[in-house]
Amino acid sequence: MSLQTLDLGVKDRIADLTVMLHLGEVTAICGPNGAGKSTLLSCLAGLQPPDRGHVALGGQPMAGLHPETRARAIGYLPQAPEVAWDLSVEVLVSLGRLPWRGVPGSEAQVAIDEAIAAMDLDALRHRRVSQLSGGERARTLMARVLATGPGWLLADEPLASLDLAHAAALLACFRRQAVLGRGVVLVLHDLAMAMNHADRVIVLDRGRLVADGAPEFALGADVVERVWGCPARWVGEPGARALSVG
């Protein structure tokens with residue numbers, strides 16, 4: 001089930017953007033502050049209607065899909081998600097099953113348990129959200145998305161609150177989801193993470209598409225210098241590259 005934009009436009013944010021995203025790939029959206037990354041992700045999730053063009057899921061305009069159909073197909077983690085109630089980790093993760101109301105409870109519990117295990121939260125299952133660290137809370141919210149079992153995983157800066165070990169574990173989790181045939185789309189500020197872990201990188205600058213392709217091409221030193229405005233070079237071997245700037 002493809003996910004695509006056609007001549008997408010959002011006033012002062014995105015201009016005439018056409019991209020086709022693919023299942024089985026990890027796609028990173030990169031760009032400087034204000035480039036339109038979060039706006040694009042919100043449009044892809046069907047949460048922000050564009051001013052021009054449209055987003056399509058499986059060839060069907062997103063605007064015409066039933067909300068439950070969209071919620072089952074697309075899991076979305078915003079940059080600063082809010083938790084309104086002081087729930088336990090397990091109950092919060094279980095909210096990811098809401099789009100599947102009516103499915104047998106045993107199947108739902110399996111999905112919840114797998115999501116909790118994937119985010120290394122078993123020991124925190126009964127802890128309240130108010131008692132979690134920032135990183136633990138971020139992992140719990142990601143587990144809620146995984147519990148839905150969507151075909152597409154969209155996450156805005158999912159590594160921001162995580163320590164090194166859990167960031168690596170989450171990237172490995174995203175890779176596993178892609179291997180299972182899901183589409184993974186991540187907004188990333190860390191260009192080295194995008195270079196080393198994405199199959200494809202989309203670079204935006206002031207709402208326009210600057211580069212789109214394999215990380216080695218889309219994040220080439222010339223692109224980084226032109227878009228981010230600083231001299232740059234990549235060092236290290238493929239899969240373990242670091243960006244030297246200045």
# chains A, B, ... in the order shown; residues from 1 in each chain; ligands from 1
$ residues_around --residues "A:Gly229" --least-positions-apart "6" --cutoff "10 Å" --atoms "only C-alpha atoms" --output "list in words"
Pro32, Asp222, Val223 and Gly246 of chain A
$ write_last_selection --atoms "N, CA and C atoms" --output "PDB file, in the first residue's frame"
ATOM      1  N   PRO A  32      17.125  21.681   7.509  1.00  0.00           N
ATOM      2  CA  PRO A  32      17.334  22.620   8.612  1.00  0.00           C
ATOM      3  C   PRO A  32      16.021  22.998   9.279  1.00  0.00           C
ATOM      4  N   ASP A 222      28.320  18.066  -0.669  1.00  0.00           N
ATOM      5  CA  ASP A 222      27.907  19.264  -1.398  1.00  0.00           C
ATOM      6  C   ASP A 222      26.492  19.681  -1.025  1.00  0.00           C
ATOM      7  N   VAL A 223      25.601  18.680  -0.809  1.00  0.00           N
ATOM      8  CA  VAL A 223      24.220  18.980  -0.410  1.00  0.00           C
ATOM      9  C   VAL A 223      24.200  19.562   0.997  1.00  0.00           C
ATOM     10  N   GLY A 246      32.663  22.298   9.517  1.00  0.00           N
ATOM     11  CA  GLY A 246      33.469  23.449   9.886  1.00  0.00           C
ATOM     12  C   GLY A 246      34.852  23.419   9.271  1.00  0.00           C
TER      13      GLY A 246
END
$ select_by_dssp --residues "stretch 50-230 of chain A" --states "strand (DSSP E)" --output "ChimeraX atom specification"
/A:52-57,60-61,74-77,152-156,183-187,200-205,208-213
$ closest_atom_pairs --of "stretch 137-242 of chain A" --to "stretch 80-93 of chain A" --cutoff "8 Å" --atoms "only C-alpha atoms" --output "JSON lines"
{"residue": "A:Thr140", "atom": "CA", "partner": "A:Val89", "partner_atom": "CA", "distance": 6.4}
{"residue": "A:Leu141", "atom": "CA", "partner": "A:Val93", "partner_atom": "CA", "distance": 7.0}
{"residue": "A:Ala143", "atom": "CA", "partner": "A:Val93", "partner_atom": "CA", "distance": 5.9}
{"residue": "A:Arg144", "atom": "CA", "partner": "A:Val93", "partner_atom": "CA", "distance": 4.0}
{"residue": "A:Val145", "atom": "CA", "partner": "A:Val93", "partner_atom": "CA", "distance": 7.7}
{"residue": "A:Ala147", "atom": "CA", "partner": "A:Val93", "partner_atom": "CA", "distance": 6.6}
$ closest_atom_pairs --of "stretch 5-70 of chain A" --to "stretch 196-216 of chain A" --cutoff "12 Å" --atoms "only C-alpha atoms" --output "tab-separated table"
residue	atom	partner	partner_atom	distance
A:Asp7	CA	A:Arg208	CA	11.0
A:Leu8	CA	A:Gly207	CA	10.1
A:Gly9	CA	A:Gly207	CA	8.7
A:Val10	CA	A:Gly207	CA	8.6
A:Lys11	CA	A:Gly207	CA	9.4
A:Asp12	CA	A:Gly207	CA	7.6
A:Arg13	CA	A:Gly207	CA	5.2
A:Ile14	CA	A:Gly207	CA	3.9
A:Ala15	CA	A:Gly207	CA	5.5
A:Asp16	CA	A:Arg208	CA	7.4
A:Leu17	CA	A:Leu209	CA	6.6
A:Thr18	CA	A:Leu209	CA	8.5
A:Val19	CA	A:Asp212	CA	8.7
A:Met20	CA	A:Asp212	CA	10.4
A:Leu21	CA	A:Arg200	CA	9.5
A:His22	CA	A:Arg200	CA	9.9
A:Leu23	CA	A:Asp199	CA	11.3
A:Gly24	CA	A:Asp199	CA	9.4
A:Glu25	CA	A:Asp199	CA	6.0
A:Val26	CA	A:Ala198	CA	5.1
A:Thr27	CA	A:Arg200	CA	4.8
A:Ala28	CA	A:Val201	CA	4.7
A:Ile29	CA	A:Ile202	CA	4.8
A:Cys30	CA	A:Val203	CA	4.9
A:Gly31	CA	A:Leu204	CA	5.0
A:Pro32	CA	A:Asp205	CA	6.7
A:Asn33	CA	A:Asp205	CA	8.7
A:Gly34	CA	A:Arg206	CA	6.5
A:Ala35	CA	A:Arg206	CA	4.4
A:Gly36	CA	A:Gly207	CA	5.0
A:Lys37	CA	A:Leu204	CA	6.9
A:Ser38	CA	A:Gly207	CA	10.6
A:Thr39	CA	A:Gly207	CA	9.1
A:Leu40	CA	A:Gly207	CA	8.9
A:Leu41	CA	A:Ile202	CA	11.7
$ closest_residue --among "A:Ala169, A:Val179, A:Val235, A:Leu47" --to "A:Met195" --atoms "only C-alpha atoms"
A:Val235
$ closest_residue --among "A:Thr69, A:Ser42, A:Ser106, A:Gln79" --to "A:Ala138" --atoms "only C-alpha atoms"
A:Gln79
$ atom_distance --atom1 "atom CA of A:Gly134" --atom2 "atom CA of A:Gly75"
20.7 Å
$ residues_around --residues "stretch 156-166 of chain A" --least-positions-apart "6" --cutoff "6 Å" --atoms "only C-alpha atoms" --output "PyMOL selection string"
chain A and resi 78-79+135+186-188
$ write_last_selection --atoms "N, CA and C atoms" --output "PDB file, in the first residue's frame"
ATOM      1  N   PRO A  78       4.116  12.126  17.107  1.00  0.00           N
ATOM      2  CA  PRO A  78       4.506  13.530  16.935  1.00  0.00           C
ATOM      3  C   PRO A  78       5.765  13.859  17.720  1.00  0.00           C
ATOM      4  N   GLN A  79       6.291  15.038  17.471  1.00  0.00           N
ATOM      5  CA  GLN A  79       7.535  15.455  18.108  1.00  0.00           C
ATOM      6  C   GLN A  79       7.378  15.651  19.605  1.00  0.00           C
ATOM      7  N   GLY A 135      13.109   9.610  28.582  1.00  0.00           N
ATOM      8  CA  GLY A 135      13.375   8.543  27.627  1.00  0.00           C
ATOM      9  C   GLY A 135      12.406   7.383  27.757  1.00  0.00           C
ATOM     10  N   LEU A 186      10.889   8.660   9.076  1.00  0.00           N
ATOM     11  CA  LEU A 186      11.392   9.321  10.269  1.00  0.00           C
ATOM     12  C   LEU A 186      11.881  10.723   9.949  1.00  0.00           C
ATOM     13  N   VAL A 187      11.489  11.690  10.742  1.00  0.00           N
ATOM     14  CA  VAL A 187      12.125  13.003  10.698  1.00  0.00           C
ATOM     15  C   VAL A 187      13.345  12.940  11.603  1.00  0.00           C
ATOM     16  N   LEU A 188      14.523  13.226  11.039  1.00  0.00           N
ATOM     17  CA  LEU A 188      15.764  13.145  11.796  1.00  0.00           C
ATOM     18  C   LEU A 188      16.585  14.417  11.609  1.00  0.00           C
TER      19      LEU A 188
END
$ select_by_dssp --residues "stretch 28-156 of chain A" --states "alpha helix (DSSP H)" --output "MDAnalysis selection string"
chainID A and resid 37:44 67:73 89:94 105:118 134:148
